[in-house]
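Novice: After the structure tokens below, expect a handful of questions from me.
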Amino acid sequence: MGRMSATDTTAAPARVSARVGGISESATLAVDAKAKALKAQGRPVIGFGAGEPDFPTPPEVVEAAVAAAHEPAMHRYTPAGGLPALKEAIAAKTARDSGYEVKASQVLVTNGGKQAVYEAFATLLDPGDEVLLPAPYWTTYPEAVRLAGGVPVEVFAGPEQGYLVNVDQLERARTARTKILLFCSPSNPTGAVYPREHVEAIGRWALEHGVWVVTDEIYEHLTYDGVEAASMPVVVPELADTCVVLNGVAKTYAMTGWRVGWLLGPADVVKAATNLQSHLSSNVANVSQRAALAAVSGPLDAAHAMREAFDRRRRTMVRMLEEIDGVSCPVPQGAFYAYPDVRGVLGREVAGRTPTTSAELAEIVLEEAEVAVVPGEAFGPSGYLRLSYALGDDDLVEGVGRLQRLLGTV
């Protein structure tokens, strides 16, 4: 058996595939983990990174899970696509909340919203297909597109446009390879909500050009100032055959840790996605499904109470951010995030350093003010920060107050 010579330059095979090796860590989870690690060291870090309500799951939902845990039937495998009762309840909840009528056969229950995102792209995309991705976007979208073999194409709308892309921008970005438009309203990370007429214009553009729409409605109940989140397949019913709707219990019912999401779509797409899930993970944990059944079947009282608290915090955060020299913050109309424009701070000395990107600014803010924020690079172009206001009022005021003291007020 021959030995490799000293001059042999053959590269060793990669230990991790290029497909998975190219994935970035979730920026929002990374910031949250760093904040928690610093807290564990005794540092008084205030974290604005995590996108989860700071409320407990409603007690009736928890009780439904406790009861399910005692049922032997819930200790076994169940259908990969979801408990039949939950799929029926999701269909009924969708009709009740958005006006979109679907059958239970058009529902796939997934392990959280992220799995729904991934499976939608994996089911619809072939290698090289392009996905139009309005930016700023949730950090997971482009990675899920790439994992599915697709190519994310960013379409940026800044604060001058209220963070809302328009049809002209989408048309300029469309090519012969465009397969899908990703649409998210209310938006993570900006809190922007598309007006109904804007939703209709985009939906009709997609229909005209044969572009599929994957629309994420996870924040549907978190809107403010009388604003309503219009569902695209309701506004443009003809789009239903080329539209996939993503949703879940995480935000509306304070159930981020229960890991229950779903996708709705044409029966053939849902069947194919269900086949994928049957090999990927089988059924979602039955106890979580029964908890979700109680949530979606019940009233929205808890969601409305959370929304009142978020609304109060939203107004406080925007007012305080606007007082910082060089910072401009459009008022978010949905979700629980503010997305301030910090380009006026960049290039200016902060605590003896001169940040030129929002990533550098976020690092200085964490080190000097002990405040964790997510830089705009996680969601698209540099020059912005995302701050969640899903945290206690006192922490919110203290955290933004630290930013004011670090960066200076107007």
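Residue numbering restarts at 1 for every chain of the structure tokens, chains are lettered A, B, ... in their displayed order, and ligands are numbered from 1 as they appear.
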With segment 196-215 of chain A as the partner and 12 Å as the cut-off, tabulate the residues of segment 263-304 of chain A that qualify, each row holding the nearest pair of atoms and their distance in Å to one decimal, using only C-alpha atoms, sorted by chain and rising number, as JSON lines.
Specialist:
```
{"residue": "A:Leu263", "atom": "CA", "partner": "A:Val214", "partner_atom": "CA", "distance": 9.5}
{"residue": "A:Leu264", "atom": "CA", "partner": "A:Val214", "partner_atom": "CA", "distance": 9.8}
{"residue": "A:Gly265", "atom": "CA", "partner": "A:Val214", "partner_atom": "CA", "distance": 9.3}
{"residue": "A:Pro266", "atom": "CA", "partner": "A:Trp212", "partner_atom": "CA", "distance": 11.4}
{"residue": "A:Val269", "atom": "CA", "partner": "A:Trp212", "partner_atom": "CA", "distance": 11.7}
```
Novice: Could you take the residues named above and write them with N, CA, C and O atoms, as a PDB file, in the first residue's frame?
Specialist:
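Okay, selection_33.pdb is ready:
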```
ATOM      1  N   LEU A 263     -48.334  24.962   7.919  1.00  0.00           N
ATOM      2  CA  LEU A 263     -48.446  25.579   6.600  1.00  0.00           C
ATOM      3  C   LEU A 263     -49.758  25.152   5.980  1.00  0.00           C
ATOM      4  O   LEU A 263     -50.246  24.037   6.212  1.00  0.00           O
ATOM      5  N   LEU A 264     -50.341  26.064   5.223  1.00  0.00           N
ATOM      6  CA  LEU A 264     -51.587  25.832   4.496  1.00  0.00           C
ATOM      7  C   LEU A 264     -51.306  26.070   3.021  1.00  0.00           C
ATOM      8  O   LEU A 264     -50.576  26.986   2.657  1.00  0.00           O
ATOM      9  N   GLY A 265     -51.898  25.259   2.166  1.00  0.00           N
ATOM     10  CA  GLY A 265     -51.684  25.476   0.744  1.00  0.00           C
ATOM     11  C   GLY A 265     -52.490  24.526  -0.104  1.00  0.00           C
ATOM     12  O   GLY A 265     -53.341  23.774   0.401  1.00  0.00           O
ATOM     13  N   PRO A 266     -52.221  24.530  -1.419  1.00  0.00           N
ATOM     14  CA  PRO A 266     -52.895  23.588  -2.310  1.00  0.00           C
ATOM     15  C   PRO A 266     -52.650  22.151  -1.848  1.00  0.00           C
ATOM     16  O   PRO A 266     -51.570  21.832  -1.320  1.00  0.00           O
ATOM     17  N   VAL A 269     -49.372  20.331  -2.843  1.00  0.00           N
ATOM     18  CA  VAL A 269     -48.170  20.843  -2.180  1.00  0.00           C
ATOM     19  C   VAL A 269     -48.122  20.372  -0.734  1.00  0.00           C
ATOM     20  O   VAL A 269     -47.079  19.932  -0.237  1.00  0.00           O
TER      21      VAL A 269
END
```
Novice: Would you list, as a ChimeraX atom specification, the residues of segment 169-281 of chain A that end up in helix (DSSP H, G or I) under DSSP run on this structure's backbone?
Specialist: /A:169-173,196-209,232-235,237-242,256-258,267-280
Novice: Mind checking which residues fall within 12 Å of Ile90 of chain A, counting only C-alpha atoms, ignoring those fewer than 3 positions away in the same chain, and posting them as a PyMOL selection string?
Specialist: chain A and resi 82-87+93-98+100-109+245-249+260-264+289+292-298
Novice: Tell me which of A:Ile180, A:Ala92, A:Val227, A:Val66 sits closest to Thr242 of chain A, counting only C-alpha atoms.
Specialist: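 Smallest separation from Thr242 of chain A among the options: A:Ile180.
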Novice: At a cut-off of 12 Å, using only C-alpha atoms, what residues contact segment 52-60 of chain A? Leave out same-chain residues fewer than 4 positions from it and give the result as a ChimeraX atom specification.
Specialist: /A:28-29,32,47-48,64-67,188,218-219,222,249-258,288,290-303,305-307,309-310,335-337,387-393,395-396
Novice: Pull the strand (DSSP E) assignments for segment 244-294 of chain A out of DSSP run on the backbone, and list those residues as a list of chain:residue names.
Specialist: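 Going through segment 244-294 of chain A, the strand (DSSP E) residues come out as A:Val244, A:Val245, A:Leu246, A:Asn247, A:Gly248, A:Gly261, A:Trp262, A:Leu263, A:Leu264.
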Novice: May I have the residues within 12 Å of Asp394 of chain A as a PDB file with N, CA, C and O atoms, in the first residue's frame, using only C-alpha atoms and disregarding those fewer than 5 positions away in the same chain?
Specialist:
```pdb
ATOM      1  N   ILE A  46     -29.278  43.803  29.547  1.00  0.00           N
ATOM      2  CA  ILE A  46     -30.680  43.857  29.144  1.00  0.00           C
ATOM      3  C   ILE A  46     -30.736  43.449  27.677  1.00  0.00           C
ATOM      4  O   ILE A  46     -30.057  44.035  26.834  1.00  0.00           O
ATOM      5  N   ARG A 313     -45.536  49.541  25.346  1.00  0.00           N
ATOM      6  CA  ARG A 313     -44.077  49.479  25.256  1.00  0.00           C
ATOM      7  C   ARG A 313     -43.575  50.028  23.917  1.00  0.00           C
ATOM      8  O   ARG A 313     -42.523  50.674  23.854  1.00  0.00           O
ATOM      9  N   THR A 316     -43.446  53.788  24.062  1.00  0.00           N
ATOM     10  CA  THR A 316     -42.335  54.215  24.922  1.00  0.00           C
ATOM     11  C   THR A 316     -41.003  54.050  24.206  1.00  0.00           C
ATOM     12  O   THR A 316     -40.154  54.955  24.206  1.00  0.00           O
ATOM     13  N   MET A 317     -40.794  52.889  23.582  1.00  0.00           N
ATOM     14  CA  MET A 317     -39.517  52.623  22.917  1.00  0.00           C
ATOM     15  C   MET A 317     -39.274  53.590  21.768  1.00  0.00           C
ATOM     16  O   MET A 317     -38.179  54.167  21.647  1.00  0.00           O
ATOM     17  N   TYR A 389     -39.587  44.747  21.759  1.00  0.00           N
ATOM     18  CA  TYR A 389     -40.173  45.324  22.965  1.00  0.00           C
ATOM     19  C   TYR A 389     -41.059  44.304  23.686  1.00  0.00           C
ATOM     20  O   TYR A 389     -41.956  44.662  24.444  1.00  0.00           O
ATOM     21  N   GLY A 399     -33.048  49.869  29.528  1.00  0.00           N
ATOM     22  CA  GLY A 399     -32.198  49.506  28.391  1.00  0.00           C
ATOM     23  C   GLY A 399     -32.059  50.624  27.372  1.00  0.00           C
ATOM     24  O   GLY A 399     -30.945  50.956  26.935  1.00  0.00           O
ATOM     25  N   VAL A 400     -33.171  51.227  26.971  1.00  0.00           N
ATOM     26  CA  VAL A 400     -33.099  52.318  26.000  1.00  0.00           C
ATOM     27  C   VAL A 400     -32.463  53.549  26.650  1.00  0.00           C
ATOM     28  O   VAL A 400     -31.757  54.322  25.991  1.00  0.00           O
ATOM     29  N   GLY A 401     -32.668  53.715  27.956  1.00  0.00           N
ATOM     30  CA  GLY A 401     -32.002  54.796  28.679  1.00  0.00           C
ATOM     31  C   GLY A 401     -30.486  54.653  28.621  1.00  0.00           C
ATOM     32  O   GLY A 401     -29.753  55.649  28.487  1.00  0.00           O
TER      33      GLY A 401
END
```
Novice: May I have the residues within 7 Å of segment 282-284 of chain A as a PyMOL selection string, using only C-alpha atoms and disregarding those fewer than 2 positions away in the same chain?
Specialist: chain A and resi 77-82+110-111+277-280+286+289
Novice: Would you kindly return, as a list in words, each protein, DNA or RNA residue with an atom no farther than 12 Å from any atom of Leu346 of chain A, considering only C-alpha atoms and excluding same-chain residues fewer than 4 positions away?
Specialist: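 What passes the distance filter is Asp325, Gly326, Val327, Asp341, Val342, Val350, Arg353, Thr354, Pro355, Thr356, Thr357, Ser358, Ala359, Glu360, Leu361, Ala362, Ile364, Ser382, Gly383, Tyr384, Leu385 and Leu407 of chain A.
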Novice: Between atom CA of Gly352 of chain A and atom CA of Gln41 of chain A, what is the distance in Å, rounded to a tenth?
Specialist: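 Calculated distance between atom CA of Gly352 of chain A and atom CA of Gln41 of chain A is 25.1 Å.
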Novice: Go through A:Val61, A:Leu132, A:Val373, A:Cys184 and flag the residue nearest Val167 of chain A, using only C-alpha atoms for the distances.
Specialist: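 Closest candidate: A:Leu132.
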Novice: So the first atom is atom CA of Pro136 of chain A and the second is atom CA of Lys39 of chain A; what is the distance between them in Å, to one decimal place?
Specialist: 29.0 Å
Novice: What's the separation between atom CA of Leu403 of chain A and atom CA of Glu368 of chain A, in Å to one decimal place?
Specialist: 9.5 Å
Novice: In terms of the shortest atom-to-atom distance over only C-alpha atoms, which of A:Pro186, A:Gly149, A:Pro233, A:Gly191 is closest to Glu217 of chain A?
Specialist: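 Checking each candidate against Glu217 of chain A, we get A:Pro186 as the closest.
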